[in-house]
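Asker: Quick one, data_12.csv (CSV, C-alpha atoms):
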chain,number,residue,atom,x,y,z
S,1,MET,CA,3.1,-27.8,12.5
S,2,SER,CA,3.7,-25.4,9.7
S,3,SER,CA,5.4,-28.0,7.5
S,4,ASP,CA,2.2,-29.9,7.6
S,5,ILE,CA,0.3,-27.2,5.8
S,6,PRO,CA,-0.2,-28.1,2.1
S,7,GLY,CA,1.5,-25.5,-0.2
S,8,TYR,CA,3.4,-23.8,2.6
S,9,ARG,CA,6.9,-23.1,1.4
S,10,LEU,CA,8.6,-20.5,3.6
S,11,GLY,CA,12.2,-21.5,3.8
S,12,ASP,CA,12.0,-23.9,0.8
S,13,PRO,CA,15.5,-23.4,-0.9
S,14,THR,CA,14.1,-24.5,-4.3
S,15,LEU,CA,11.9,-21.4,-4.5
S,16,GLU,CA,12.7,-19.2,-7.5
S,17,ARG,CA,14.9,-16.2,-6.5
S,18,VAL,CA,13.4,-13.3,-8.5
S,19,VAL,CA,14.2,-10.3,-6.4
S,20,PRO,CA,17.5,-9.6,-4.8
S,21,ILE,CA,17.8,-8.9,-1.1
S,22,ASP,CA,19.1,-5.4,-1.9
S,23,ASP,CA,15.7,-4.5,-3.1
S,24,LEU,CA,14.1,-5.5,0.1
S,25,GLU,CA,16.7,-3.5,2.1
S,26,ARG,CA,15.8,-0.5,-0.1
S,27,MET,CA,12.1,-1.0,0.6
S,28,LYS,CA,12.8,-1.2,4.3
S,29,LYS,CA,14.6,2.1,4.3
S,30,THR,CA,11.7,3.8,2.4
S,31,ALA,CA,9.1,2.3,4.8
S,32,LEU,CA,11.3,3.3,7.9
S,33,PHE,CA,11.2,-0.4,8.8
S,34,GLY,CA,14.0,-1.3,11.3
S,35,PRO,CA,15.0,-3.5,14.2
S,36,ASP,CA,12.5,-1.8,16.4
S,37,ASP,CA,9.7,-2.9,14.1
S,38,VAL,CA,11.0,-6.5,14.0
S,39,ALA,CA,10.9,-6.4,17.9
S,40,ALA,CA,7.4,-4.9,18.0
S,41,LEU,CA,6.2,-7.6,15.6
S,42,ARG,CA,7.6,-10.3,17.9
S,43,GLU,CA,5.8,-8.6,20.8
S,44,ALA,CA,2.6,-8.7,18.7
S,45,ARG,CA,3.1,-12.3,17.9
S,46,ALA,CA,2.7,-13.3,21.5
S,47,ILE,CA,-0.6,-11.4,21.7
S,48,LEU,CA,-1.9,-12.6,18.4
S,49,ALA,CA,-0.9,-16.3,18.3
S,50,PRO,CA,-3.8,-17.4,20.6
S,51,GLN,CA,-6.2,-15.3,18.5
S,52,VAL,CA,-5.3,-16.5,15.0
S,53,GLU,CA,-8.6,-18.2,14.4
S,54,ASP,CA,-10.6,-15.2,15.6
S,55,ILE,CA,-8.6,-12.9,13.4
S,56,LEU,CA,-9.2,-15.2,10.4
S,57,ASP,CA,-13.0,-15.3,11.2
S,58,VAL,CA,-13.0,-11.5,10.9
S,59,TRP,CA,-11.1,-11.4,7.7
S,60,TYR,CA,-13.0,-14.3,6.1
S,61,GLY,CA,-16.2,-12.6,7.2
S,62,PHE,CA,-15.1,-9.5,5.4
S,63,VAL,CA,-14.1,-11.2,2.2
S,64,ALA,CA,-17.4,-13.2,2.2
S,65,SER,CA,-19.3,-10.0,2.5
S,66,GLN,CA,-17.7,-8.5,-0.6
S,67,PRO,CA,-18.8,-10.4,-3.8
S,68,HIS,CA,-15.9,-9.1,-5.8
S,69,LEU,CA,-13.5,-10.5,-3.3
S,70,VAL,CA,-15.1,-13.9,-2.8
S,71,ALA,CA,-15.1,-14.2,-6.6
S,72,SER,CA,-11.4,-15.0,-6.4
S,73,PHE,CA,-12.2,-18.2,-4.6
S,74,SER,CA,-15.2,-19.1,-6.9
S,75,LYS,CA,-16.2,-20.7,-10.1
S,76,ASP,CA,-19.5,-19.7,-11.8
S,77,GLY,CA,-20.4,-17.8,-8.7
S,78,GLU,CA,-19.9,-20.8,-6.4
S,79,PRO,CA,-17.2,-20.4,-3.7
S,80,ASN,CA,-14.9,-23.4,-3.4
S,81,ALA,CA,-14.9,-24.4,0.2
S,82,ASP,CA,-11.8,-26.7,-0.1
S,83,TYR,CA,-9.8,-23.8,-1.7
S,84,LEU,CA,-11.0,-21.3,1.0
S,85,GLY,CA,-10.0,-23.8,3.7
S,86,ALA,CA,-6.5,-24.5,2.2
S,87,VAL,CA,-5.8,-20.8,1.9
S,88,ARG,CA,-7.1,-20.2,5.4
S,89,GLN,CA,-4.5,-22.6,6.9
S,90,ARG,CA,-1.7,-20.7,5.1
S,91,PHE,CA,-3.2,-17.3,6.0
S,92,GLY,CA,-3.1,-18.2,9.7
S,93,GLN,CA,0.5,-19.3,9.4
S,94,TRP,CA,1.1,-16.0,7.6
S,95,ILE,CA,0.1,-14.0,10.6
S,96,LEU,CA,2.6,-16.0,12.7
S,97,ASP,CA,5.3,-15.7,10.1
S,98,THR,CA,4.8,-11.9,9.5
S,99,THR,CA,5.2,-11.3,13.2
S,100,ALA,CA,8.3,-13.6,13.4
S,101,ALA,CA,10.0,-13.0,10.1
S,102,GLU,CA,13.6,-12.1,9.7
S,103,TYR,CA,12.7,-10.2,6.6
S,104,ASP,CA,15.5,-11.9,4.8
S,105,GLN,CA,16.0,-13.6,1.4
S,106,ALA,CA,14.0,-16.7,2.4
S,107,TRP,CA,11.0,-14.5,3.5
S,108,LEU,CA,11.3,-12.4,0.3
S,109,ASP,CA,11.4,-15.5,-2.0
S,110,TYR,CA,8.2,-16.9,-0.4
S,111,GLN,CA,6.4,-13.6,-0.7
S,112,ILE,CA,7.1,-13.6,-4.5
S,113,GLU,CA,5.8,-17.2,-4.6
S,114,VAL,CA,2.6,-16.1,-2.8
S,115,GLY,CA,2.3,-13.2,-5.3
S,116,LYS,CA,2.4,-15.6,-8.2
S,117,ARG,CA,-0.5,-17.5,-6.6
S,118,HIS,CA,-2.7,-14.4,-6.9
S,119,HIS,CA,-1.6,-13.8,-10.5
S,120,ARG,CA,-2.7,-15.7,-13.6
S,121,ILE,CA,0.8,-17.2,-13.9
S,122,GLY,CA,0.3,-19.2,-10.7
S,123,LYS,CA,-3.4,-19.0,-9.6
S,124,ASN,CA,-5.0,-22.2,-8.5
S,125,LEU,CA,-2.0,-24.4,-9.2
S,126,THR,CA,-0.9,-24.8,-5.6
S,127,ASP,CA,-4.3,-26.2,-4.5
S,128,GLY,CA,-5.2,-27.8,-7.8
S,129,VAL,CA,-8.5,-26.0,-7.8
S,130,ASP,CA,-10.8,-24.7,-10.6
S,131,ALA,CA,-11.5,-21.1,-9.7
S,132,ALA,CA,-11.1,-17.5,-11.0
S,133,PRO,CA,-7.9,-17.5,-13.1
S,134,HIS,CA,-6.5,-14.2,-11.8
S,135,ILE,CA,-6.9,-11.7,-8.9
S,136,ARG,CA,-6.9,-8.2,-10.2
S,137,PHE,CA,-4.2,-5.7,-9.1
S,138,VAL,CA,-6.9,-3.3,-7.9
S,139,ASP,CA,-8.0,-5.8,-5.3
S,140,LEU,CA,-4.6,-6.2,-3.6
S,141,ILE,CA,-3.2,-2.9,-2.3
S,142,PRO,CA,-6.6,-1.5,-1.0
S,143,LEU,CA,-7.0,-4.7,1.1
S,144,VAL,CA,-4.1,-3.5,3.2
S,145,TYR,CA,-6.5,-1.2,5.0
S,146,PRO,CA,-8.9,-3.9,6.5
S,147,ILE,CA,-6.0,-6.2,7.3
S,148,PHE,CA,-4.4,-3.2,9.2
S,149,GLY,CA,-7.5,-1.6,10.7
S,150,THR,CA,-9.0,-4.8,12.1
S,151,LEU,CA,-5.8,-5.9,13.9
S,152,ARG,CA,-5.8,-3.1,16.5
S,153,GLY,CA,-8.6,-4.6,18.6
S,154,PHE,CA,-6.7,-7.9,18.7
S,155,LEU,CA,-3.5,-6.2,19.7
S,156,GLU,CA,-5.4,-4.3,22.5
S,157,LYS,CA,-6.4,-7.7,24.0
S,158,GLY,CA,-2.9,-8.1,25.4
S,159,ASP,CA,-1.8,-6.1,28.4
S,160,ALA,CA,0.5,-3.8,26.4
S,161,SER,CA,0.4,0.0,26.9
S,162,PRO,CA,-1.3,2.1,24.3
S,163,GLU,CA,2.2,3.3,23.2
S,164,ARG,CA,3.3,-0.3,22.6
S,165,VAL,CA,0.0,-1.1,20.8
S,166,ASP,CA,0.7,1.8,18.6
S,167,ALA,CA,4.3,0.6,17.9
S,168,MET,CA,3.0,-2.9,17.1
S,169,HIS,CA,0.3,-1.6,14.9
S,170,HIS,CA,2.6,0.6,12.9
S,171,ALA,CA,5.1,-2.1,12.5
S,172,TRP,CA,2.3,-4.3,11.2
S,173,LEU,CA,1.4,-1.7,8.6
S,174,LYS,CA,5.0,-1.4,7.5
S,175,ALA,CA,5.2,-5.2,7.2
S,176,LEU,CA,2.0,-5.2,5.1
S,177,LEU,CA,3.4,-2.6,2.8
S,178,LEU,CA,6.6,-4.6,2.2
S,179,THR,CA,4.5,-7.7,1.7
S,180,ILE,CA,2.1,-6.3,-0.8
S,181,THR,CA,4.9,-4.7,-2.8
S,182,LEU,CA,6.3,-8.2,-3.2
S,183,TRP,CA,3.0,-9.9,-3.8
S,184,THR,CA,2.3,-7.5,-6.7
S,185,GLN,CA,5.8,-8.1,-8.3
S,186,PRO,CA,4.4,-10.6,-10.8
S,187,TYR,CA,2.0,-7.9,-12.0
S,188,VAL,CA,4.7,-5.4,-12.8
S,189,ARG,CA,6.0,-4.9,-16.3
S,190,PRO,CA,9.5,-6.3,-16.9
S,191,GLY,CA,12.1,-3.8,-16.0
S,192,ASP,CA,9.8,-1.5,-14.0
S,193,PHE,CA,10.0,-3.2,-10.6
E,1,MET,CA,-4.4,29.6,-6.9
E,2,SER,CA,-4.1,25.9,-7.9
E,3,SER,CA,-4.6,26.7,-11.6
E,4,ASP,CA,-1.4,28.8,-11.4
E,5,ILE,CA,0.7,25.7,-10.5
E,6,PRO,CA,2.7,24.5,-13.5
E,7,GLY,CA,1.7,21.0,-14.5
E,8,TYR,CA,-1.3,20.8,-12.2
E,9,ARG,CA,-4.2,19.2,-14.1
E,10,LEU,CA,-6.9,18.0,-11.6
E,11,GLY,CA,-10.2,18.5,-13.4
E,12,ASP,CA,-8.6,18.9,-16.9
E,13,PRO,CA,-11.2,17.2,-19.2
E,14,THR,CA,-8.5,16.5,-21.8
E,15,LEU,CA,-6.7,14.0,-19.5
E,16,GLU,CA,-6.7,10.5,-20.8
E,17,ARG,CA,-9.3,8.2,-19.3
E,18,VAL,CA,-7.5,4.9,-18.7
E,19,VAL,CA,-9.4,3.4,-15.7
E,20,PRO,CA,-13.2,3.4,-15.4
E,21,ILE,CA,-15.0,4.7,-12.3
E,22,ASP,CA,-16.2,1.2,-11.5
E,23,ASP,CA,-12.7,0.2,-10.7
E,24,LEU,CA,-12.4,3.0,-8.2
E,25,GLU,CA,-15.7,2.1,-6.6
E,26,ARG,CA,-14.4,-1.5,-6.3
E,27,MET,CA,-11.2,-0.3,-4.6
E,28,LYS,CA,-13.2,1.9,-2.2
E,29,LYS,CA,-15.2,-1.2,-1.1
E,30,THR,CA,-12.1,-3.2,-0.5
E,31,ALA,CA,-10.5,-0.4,1.5
E,32,LEU,CA,-13.7,0.2,3.4
E,33,PHE,CA,-13.6,3.8,2.2
E,34,GLY,CA,-16.9,5.5,2.5
E,35,PRO,CA,-18.7,8.9,3.1
E,36,ASP,CA,-17.4,8.9,6.7
E,37,ASP,CA,-13.9,8.9,5.4
E,38,VAL,CA,-14.6,11.8,2.9
E,39,ALA,CA,-16.0,13.7,5.8
E,40,ALA,CA,-13.0,12.9,8.1
E,41,LEU,CA,-10.7,14.1,5.3
E,42,ARG,CA,-12.5,17.4,5.0
E,43,GLU,CA,-12.2,17.8,8.8
E,44,ALA,CA,-8.4,17.0,8.4
E,45,ARG,CA,-8.1,19.6,5.6
E,46,ALA,CA,-9.0,22.5,7.9
E,47,ILE,CA,-6.3,21.4,10.3
E,48,LEU,CA,-3.7,20.6,7.7
E,49,ALA,CA,-4.2,23.6,5.3
E,50,PRO,CA,-2.2,26.1,7.5
E,51,GLN,CA,0.5,23.5,8.0
E,52,VAL,CA,1.2,22.5,4.4
E,53,GLU,CA,4.6,24.0,4.2
E,54,ASP,CA,5.6,22.4,7.5
E,55,ILE,CA,4.4,19.0,6.3
E,56,LEU,CA,6.3,19.4,3.1
E,57,ASP,CA,9.5,20.3,5.0
E,58,VAL,CA,9.2,17.0,6.9
E,59,TRP,CA,8.6,15.0,3.8
E,60,TYR,CA,11.3,16.7,1.8
E,61,GLY,CA,13.7,16.3,4.7
E,62,PHE,CA,12.9,12.6,4.6
E,63,VAL,CA,13.4,12.2,0.9
E,64,ALA,CA,16.6,14.2,1.1
E,65,SER,CA,17.9,11.9,3.8
E,66,GLN,CA,17.5,8.8,1.6
E,67,PRO,CA,20.0,8.8,-1.4
E,68,HIS,CA,17.9,6.2,-3.3
E,69,LEU,CA,14.8,8.5,-3.1
E,70,VAL,CA,16.5,11.8,-3.9
E,71,ALA,CA,18.0,10.1,-6.9
E,72,SER,CA,14.6,10.3,-8.6
E,73,PHE,CA,15.1,14.1,-8.8
E,74,SER,CA,18.8,13.9,-9.7
E,75,LYS,CA,21.1,13.6,-12.7
E,76,ASP,CA,24.7,12.3,-12.2
E,77,GLY,CA,24.1,12.5,-8.5
E,78,GLU,CA,23.1,16.1,-8.5
E,79,PRO,CA,19.6,17.0,-7.3
E,80,ASN,CA,17.7,19.3,-9.6
E,81,ALA,CA,16.4,22.2,-7.5
E,82,ASP,CA,14.0,23.5,-10.1
E,83,TYR,CA,12.4,20.0,-10.4
E,84,LEU,CA,12.2,19.6,-6.6
E,85,GLY,CA,10.6,23.0,-6.4
E,86,ALA,CA,8.0,22.3,-9.2
E,87,VAL,CA,7.0,19.0,-7.6
E,88,ARG,CA,6.8,20.6,-4.2
E,89,GLN,CA,4.1,23.0,-5.4
E,90,ARG,CA,2.0,20.2,-6.7
E,91,PHE,CA,2.7,18.1,-3.6
E,92,GLY,CA,1.3,20.8,-1.4
E,93,GLN,CA,-1.7,21.1,-3.6
E,94,TRP,CA,-2.0,17.3,-3.4
E,95,ILE,CA,-2.4,17.5,0.4
E,96,LEU,CA,-5.3,19.9,-0.1
E,97,ASP,CA,-6.8,17.9,-2.9
E,98,THR,CA,-6.6,14.5,-1.1
E,99,THR,CA,-8.4,15.9,1.8
E,100,ALA,CA,-11.1,17.7,-0.4
E,101,ALA,CA,-11.5,15.1,-3.2
E,102,GLU,CA,-14.8,13.8,-4.4
E,103,TYR,CA,-13.0,10.6,-5.3
E,104,ASP,CA,-14.7,10.7,-8.7
E,105,GLN,CA,-13.6,10.2,-12.3
E,106,ALA,CA,-11.8,13.5,-12.5
E,107,TRP,CA,-9.8,12.7,-9.4
E,108,LEU,CA,-9.1,9.2,-10.8
E,109,ASP,CA,-7.9,10.5,-14.2
E,110,TYR,CA,-5.4,12.9,-12.6
E,111,GLN,CA,-4.0,10.2,-10.3
E,112,ILE,CA,-3.2,8.1,-13.4
E,113,GLU,CA,-1.6,11.1,-14.9
E,114,VAL,CA,0.5,11.6,-11.8
E,115,GLY,CA,1.4,7.9,-12.0
E,116,LYS,CA,2.7,8.3,-15.5
E,117,ARG,CA,5.0,11.1,-14.2
E,118,HIS,CA,6.7,8.5,-12.0
E,119,HIS,CA,7.0,6.0,-14.7
E,120,ARG,CA,9.4,6.0,-17.7
E,121,ILE,CA,6.5,6.8,-20.0
E,122,GLY,CA,6.0,10.2,-18.5
E,123,LYS,CA,8.9,11.0,-16.2
E,124,ASN,CA,10.4,14.5,-16.5
E,125,LEU,CA,8.1,15.6,-19.4
E,126,THR,CA,5.8,17.8,-17.3
E,127,ASP,CA,8.7,19.9,-15.9
E,128,GLY,CA,11.0,19.6,-19.0
E,129,VAL,CA,13.8,18.4,-16.8
E,130,ASP,CA,16.8,16.1,-17.3
E,131,ALA,CA,16.7,13.7,-14.3
E,132,ALA,CA,16.4,9.9,-13.6
E,133,PRO,CA,14.2,8.4,-16.3
E,134,HIS,CA,12.1,6.2,-14.1
E,135,ILE,CA,11.1,5.8,-10.4
E,136,ARG,CA,11.2,2.1,-9.5
E,137,PHE,CA,8.0,0.3,-8.4
E,138,VAL,CA,9.7,-0.7,-5.1
E,139,ASP,CA,10.0,2.9,-4.1
E,140,LEU,CA,6.3,3.7,-4.3
E,141,ILE,CA,4.2,1.5,-2.1
E,142,PRO,CA,6.6,1.5,0.9
E,143,LEU,CA,6.6,5.3,0.9
E,144,VAL,CA,3.0,5.1,2.1
E,145,TYR,CA,4.2,4.5,5.6
E,146,PRO,CA,6.2,7.8,6.1
E,147,ILE,CA,3.5,9.8,4.4
E,148,PHE,CA,1.0,8.2,6.8
E,149,GLY,CA,3.0,8.0,10.0
E,150,THR,CA,4.3,11.6,9.9
E,151,LEU,CA,0.8,13.1,9.4
E,152,ARG,CA,-0.5,12.2,12.9
E,153,GLY,CA,1.5,14.9,14.7
E,154,PHE,CA,0.1,17.5,12.3
E,155,LEU,CA,-3.5,16.2,12.8
E,156,GLU,CA,-3.0,16.4,16.6
E,157,LYS,CA,-2.2,20.1,16.3
E,158,GLY,CA,-5.9,20.8,15.7
E,159,ASP,CA,-8.3,20.7,18.7
E,160,ALA,CA,-10.0,17.4,17.6
E,161,SER,CA,-10.5,14.6,20.1
E,162,PRO,CA,-8.2,11.6,19.9
E,163,GLU,CA,-11.1,9.6,18.4
E,164,ARG,CA,-11.5,12.2,15.6
E,165,VAL,CA,-7.7,12.2,15.0
E,166,ASP,CA,-7.9,8.4,14.7
E,167,ALA,CA,-10.8,8.7,12.2
E,168,MET,CA,-8.9,11.3,10.1
E,169,HIS,CA,-5.7,9.4,10.2
E,170,HIS,CA,-7.3,6.2,9.1
E,171,ALA,CA,-9.2,8.0,6.3
E,172,TRP,CA,-5.9,9.4,5.2
E,173,LEU,CA,-4.4,5.9,5.0
E,174,LYS,CA,-7.3,4.6,3.0
E,175,ALA,CA,-6.9,7.6,0.6
E,176,LEU,CA,-3.2,6.9,0.3
E,177,LEU,CA,-3.8,3.2,-0.6
E,178,LEU,CA,-6.3,4.2,-3.3
E,179,THR,CA,-3.9,6.8,-4.6
E,180,ILE,CA,-0.9,4.6,-4.8
E,181,THR,CA,-2.9,1.9,-6.5
E,182,LEU,CA,-3.7,4.4,-9.3
E,183,TRP,CA,-0.2,5.9,-9.3
E,184,THR,CA,1.2,2.4,-10.0
E,185,GLN,CA,-1.2,1.6,-12.7
E,186,PRO,CA,1.3,2.5,-15.5
E,187,TYR,CA,3.6,-0.1,-14.0
E,188,VAL,CA,1.1,-3.0,-14.3
E,189,ARG,CA,1.2,-5.5,-17.2
E,190,PRO,CA,-1.6,-5.0,-19.7
E,191,GLY,CA,-4.7,-6.9,-18.6
E,192,ASP,CA,-3.6,-7.4,-15.0
E,193,PHE,CA,-4.9,-4.2,-13.5
Now, as a test, write the supplied structure out as structure tokens.

Answerer:
Amino acid sequence: MSSDIPGYRLGDPTLERVVPIDDLERMKKTALFGPDDVAALREARAILAPQVEDILDVWYGFVASQPHLVASFSKDGEPNADYLGAVRQRFGQWILDTTAAEYDQAWLDYQIEVGKRHHRIGKNLTDGVDAAPHIRFVDLIPLVYPIFGTLRGFLEKGDASPERVDAMHHAWLKALLLTITLWTQPYVRPGDF
Amino acid sequence: MSSDIPGYRLGDPTLERVVPIDDLERMKKTALFGPDDVAALREARAILAPQVEDILDVWYGFVASQPHLVASFSKDGEPNADYLGAVRQRFGQWILDTTAAEYDQAWLDYQIEVGKRHHRIGKNLTDGVDAAPHIRFVDLIPLVYPIFGTLRGFLEKGDASPERVDAMHHAWLKALLLTITLWTQPYVRPGDF
């Protein structure tokens, strides 16, 4: 199914390789991200997979409620429904991928590609749309909180113990921090990353 | 007391004003950071203040256990004890300030200043030390996790309910995300922030 999603390129061997795997390994150490987190994320995947559309409804509702965020999908104040829909398909797949990832070079390469799609160097190209030319850096890292905070209720809908929900929720946060570091790579001055 | 800490400049009106307050207000909206979080942080402050040295022991132990992190304080593989000690004083004050901040222009300006002290444009100057000339971008955002995850046990040592501990812990995460966004500002390409 995922290969049918326009613009979805996880595992595409033609993606540019900008960041070496050693940098990701270094980031994992700093974030205390290990095999237990990969396992917790897989556990989360089984709980979240049937709820992907509900999760996206919450996140899209949040973005829609914040004019400065919906502006990223807009031109002259008018949100582009086709663009929102195309990104939504990939965002749903991203939930499944984040909870199933091997956190390897292929995953890393696609995160950099997604980062470019937020930055002026790649914005709008994937979907061929006419919208805001750039998403500001200030809009990215703070968005980790709602994407983290809102997930707990969905994790609690499984029959996992509170301790396992905690483990899944913390693994999710670590994964978000690794992800956003890579998504913001195109914003970083050469040599500073 | 805080004014006695070398290099501590929160509230210094001569700090450069790089980022306007509107950007911080925008970040707060994205992170869902509001008055309830400021209040929860103040509640946390009362619990954390007597434990600052214990918290720093945990964090310094973590940094010391990771060669790529302690390298930021080192020259030719040798950690600089004076530098570590000077930063530790400010880091302790930072716990108190993060839980007492008004999240206003003065707070914002000092976070940018602290960001510069991580980046090659300002590294080592405050303490007049000879150490690694730059902390890599990849080392900053992932560090949010240990600084978040390790705090919960300290928050639980107060007599707050689990619900209040949750509220304090989440407010702390939001504050960390705002903080790290500003600390990484010097790393961002001009015009992209």

Asker: Taking all atoms listed in the file into account, report as an mmCIF file with C-alpha atoms, keeping the file's coordinate frame which residues of chain E lie within 7 Å of chain S.

Answerer:
data_model
loop_
_atom_site.group_PDB
_atom_site.id
_atom_site.type_symbol
_atom_site.label_atom_id
_atom_site.label_comp_id
_atom_site.auth_asym_id
_atom_site.auth_seq_id
_atom_site.Cartn_x
_atom_site.Cartn_y
_atom_site.Cartn_z
ATOM 1 C CA MET E 27 -11.200 -0.300 -4.600
ATOM 2 C CA THR E 30 -12.100 -3.200 -0.500
ATOM 3 C CA ALA E 31 -10.500 -0.400 1.500
ATOM 4 C CA ARG E 136 11.200 2.100 -9.500
ATOM 5 C CA PHE E 137 8.000 0.300 -8.400
ATOM 6 C CA VAL E 138 9.700 -0.700 -5.100
ATOM 7 C CA ASP E 139 10.000 2.900 -4.100
ATOM 8 C CA ILE E 141 4.200 1.500 -2.100
ATOM 9 C CA PRO E 142 6.600 1.500 0.900
ATOM 10 C CA LEU E 143 6.600 5.300 0.900
ATOM 11 C CA TYR E 145 4.200 4.500 5.600
ATOM 12 C CA PRO E 146 6.200 7.800 6.100
ATOM 13 C CA LYS E 174 -7.300 4.600 3.000
ATOM 14 C CA LEU E 177 -3.800 3.200 -0.600
ATOM 15 C CA LEU E 178 -6.300 4.200 -3.300
ATOM 16 C CA THR E 181 -2.900 1.900 -6.500
ATOM 17 C CA TYR E 187 3.600 -0.100 -14.000
ATOM 18 C CA VAL E 188 1.100 -3.000 -14.300
ATOM 19 C CA ARG E 189 1.200 -5.500 -17.200
ATOM 20 C CA ASP E 192 -3.600 -7.400 -15.000
ATOM 21 C CA PHE E 193 -4.900 -4.200 -13.500
#

Asker: Atom CA of S:Val114 to atom CA of S:Trp183: how many Å, to one decimal?

Answerer: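 Answer for the atom CA of S:Val114 to atom CA of S:Trp183 separation: 6.3 Å.
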
Asker: For S:Gly128, which residue among S:Val87, S:Val38, S:Val165, S:Ile47 is the nearest when counting only C-alpha atoms?

Answerer: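 Of S:Val87, S:Val38, S:Val165, S:Ile47, the one nearest S:Gly128 is S:Val87, counting only C-alpha atoms.
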
Asker: Could you tell me how far atom CA of E:Ala46 lies from atom CA of E:Phe91, in Å and to one decimal?

Answerer: 17.0 Å

Asker: By how many Å are atom CA of E:His118 and atom CA of E:Ala71 apart?

Answerer: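 The value is 12.5 Å.
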
Asker: Got a sec: who's within 8 Å of S:Ala40, counting all atoms listed in the file, leaving out chain neighbours fewer than 6 positions off, as a list in words?

Answerer: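 Contacts, with the query itself left out: Arg164, Ala167, Met168 and Ala171 of chain S.
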
Asker: List every protein, DNA or RNA residue that has at least one atom no more than 10 Å from (6.5, -17.3, -2.3) in the file's coordinates, counting all atoms listed in the file, and write the result as a list in words.

Answerer: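 With a cut-off of 10 Å, the residues come to Gly7, Tyr8, Arg9, Leu10, Gly11, Asp12, Leu15, Glu16, Arg17, Ala106, Trp107, Leu108, Asp109, Tyr110, Gln111, Ile112, Glu113, Val114, Gly115, Lys116, Arg117, Leu182 and Trp183 of chain S.
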
Asker: Please produce an output containing C-alpha atoms for each residue in the selection, written as a CSV table (one decimal), in the frame of the given file.

Answerer:
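Okay, this is what ended up in selection-v1.csv:
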chain,number,residue,atom,x,y,z
S,7,GLY,CA,1.5,-25.5,-0.2
S,8,TYR,CA,3.4,-23.8,2.6
S,9,ARG,CA,6.9,-23.1,1.4
S,10,LEU,CA,8.6,-20.5,3.6
S,11,GLY,CA,12.2,-21.5,3.8
S,12,ASP,CA,12.0,-23.9,0.8
S,15,LEU,CA,11.9,-21.4,-4.5
S,16,GLU,CA,12.7,-19.2,-7.5
S,17,ARG,CA,14.9,-16.2,-6.5
S,106,ALA,CA,14.0,-16.7,2.4
S,107,TRP,CA,11.0,-14.5,3.5
S,108,LEU,CA,11.3,-12.4,0.3
S,109,ASP,CA,11.4,-15.5,-2.0
S,110,TYR,CA,8.2,-16.9,-0.4
S,111,GLN,CA,6.4,-13.6,-0.7
S,112,ILE,CA,7.1,-13.6,-4.5
S,113,GLU,CA,5.8,-17.2,-4.6
S,114,VAL,CA,2.6,-16.1,-2.8
S,115,GLY,CA,2.3,-13.2,-5.3
S,116,LYS,CA,2.4,-15.6,-8.2
S,117,ARG,CA,-0.5,-17.5,-6.6
S,182,LEU,CA,6.3,-8.2,-3.2
S,183,TRP,CA,3.0,-9.9,-3.8

Asker: Just want the 7 Å neighbourhood of S:Leu155, counted on all atoms listed in the file, with same-chain residues fewer than 3 positions away dropped. Output as a PyMOL selection string.

Answerer: chain S and resi 44+47-48+151-152+158+165

Asker: Just to be explicit: take each residue in the selection above, keep C-alpha atoms, and write the result as an mmCIF file, in the coordinates of the input.

Answerer:
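Everything below was put into out_21.cif:
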data_model
loop_
_atom_site.group_PDB
_atom_site.id
_atom_site.type_symbol
_atom_site.label_atom_id
_atom_site.label_comp_id
_atom_site.auth_asym_id
_atom_site.auth_seq_id
_atom_site.Cartn_x
_atom_site.Cartn_y
_atom_site.Cartn_z
ATOM 1 C CA ALA S 44 2.600 -8.700 18.700
ATOM 2 C CA ILE S 47 -0.600 -11.400 21.700
ATOM 3 C CA LEU S 48 -1.900 -12.600 18.400
ATOM 4 C CA LEU S 151 -5.800 -5.900 13.900
ATOM 5 C CA ARG S 152 -5.800 -3.100 16.500
ATOM 6 C CA GLY S 158 -2.900 -8.100 25.400
ATOM 7 C CA VAL S 165 0.000 -1.100 20.800
#

Asker: Can you tell me, as a short mmCIF file (atom, residue, chain, number, x, y, z; two decimals) with C-alpha atoms, in the coordinates of the input, what residues are no more than 9 Å from E:Val129 when counting all atoms listed in the file, ignoring any on the same chain fewer than 5 positions away?

Answerer:
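What ended up in part-v8.cif:
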data_model
loop_
_atom_site.label_atom_id
_atom_site.label_comp_id
_atom_site.auth_asym_id
_atom_site.auth_seq_id
_atom_site.Cartn_x
_atom_site.Cartn_y
_atom_site.Cartn_z
CA ASN E 80 17.70 19.30 -9.60
CA ASP E 82 14.00 23.50 -10.10
CA TYR E 83 12.40 20.00 -10.40
CA LYS E 123 8.90 11.00 -16.20
CA ASN E 124 10.40 14.50 -16.50
#

Asker: Please identify all polymer residues lying at most 12 Å from the point (-21.1, -15.4, -8.3) (file coordinates), using all atoms listed in the file, and present the result as a list in words.

Answerer: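 It turns out the residues near that spot are Ala64, Gln66, Pro67, His68, Leu69, Val70, Ala71, Ser72, Phe73, Ser74, Lys75, Asp76, Gly77, Glu78, Pro79, Asn80, Ala131 and Ala132 of chain S.
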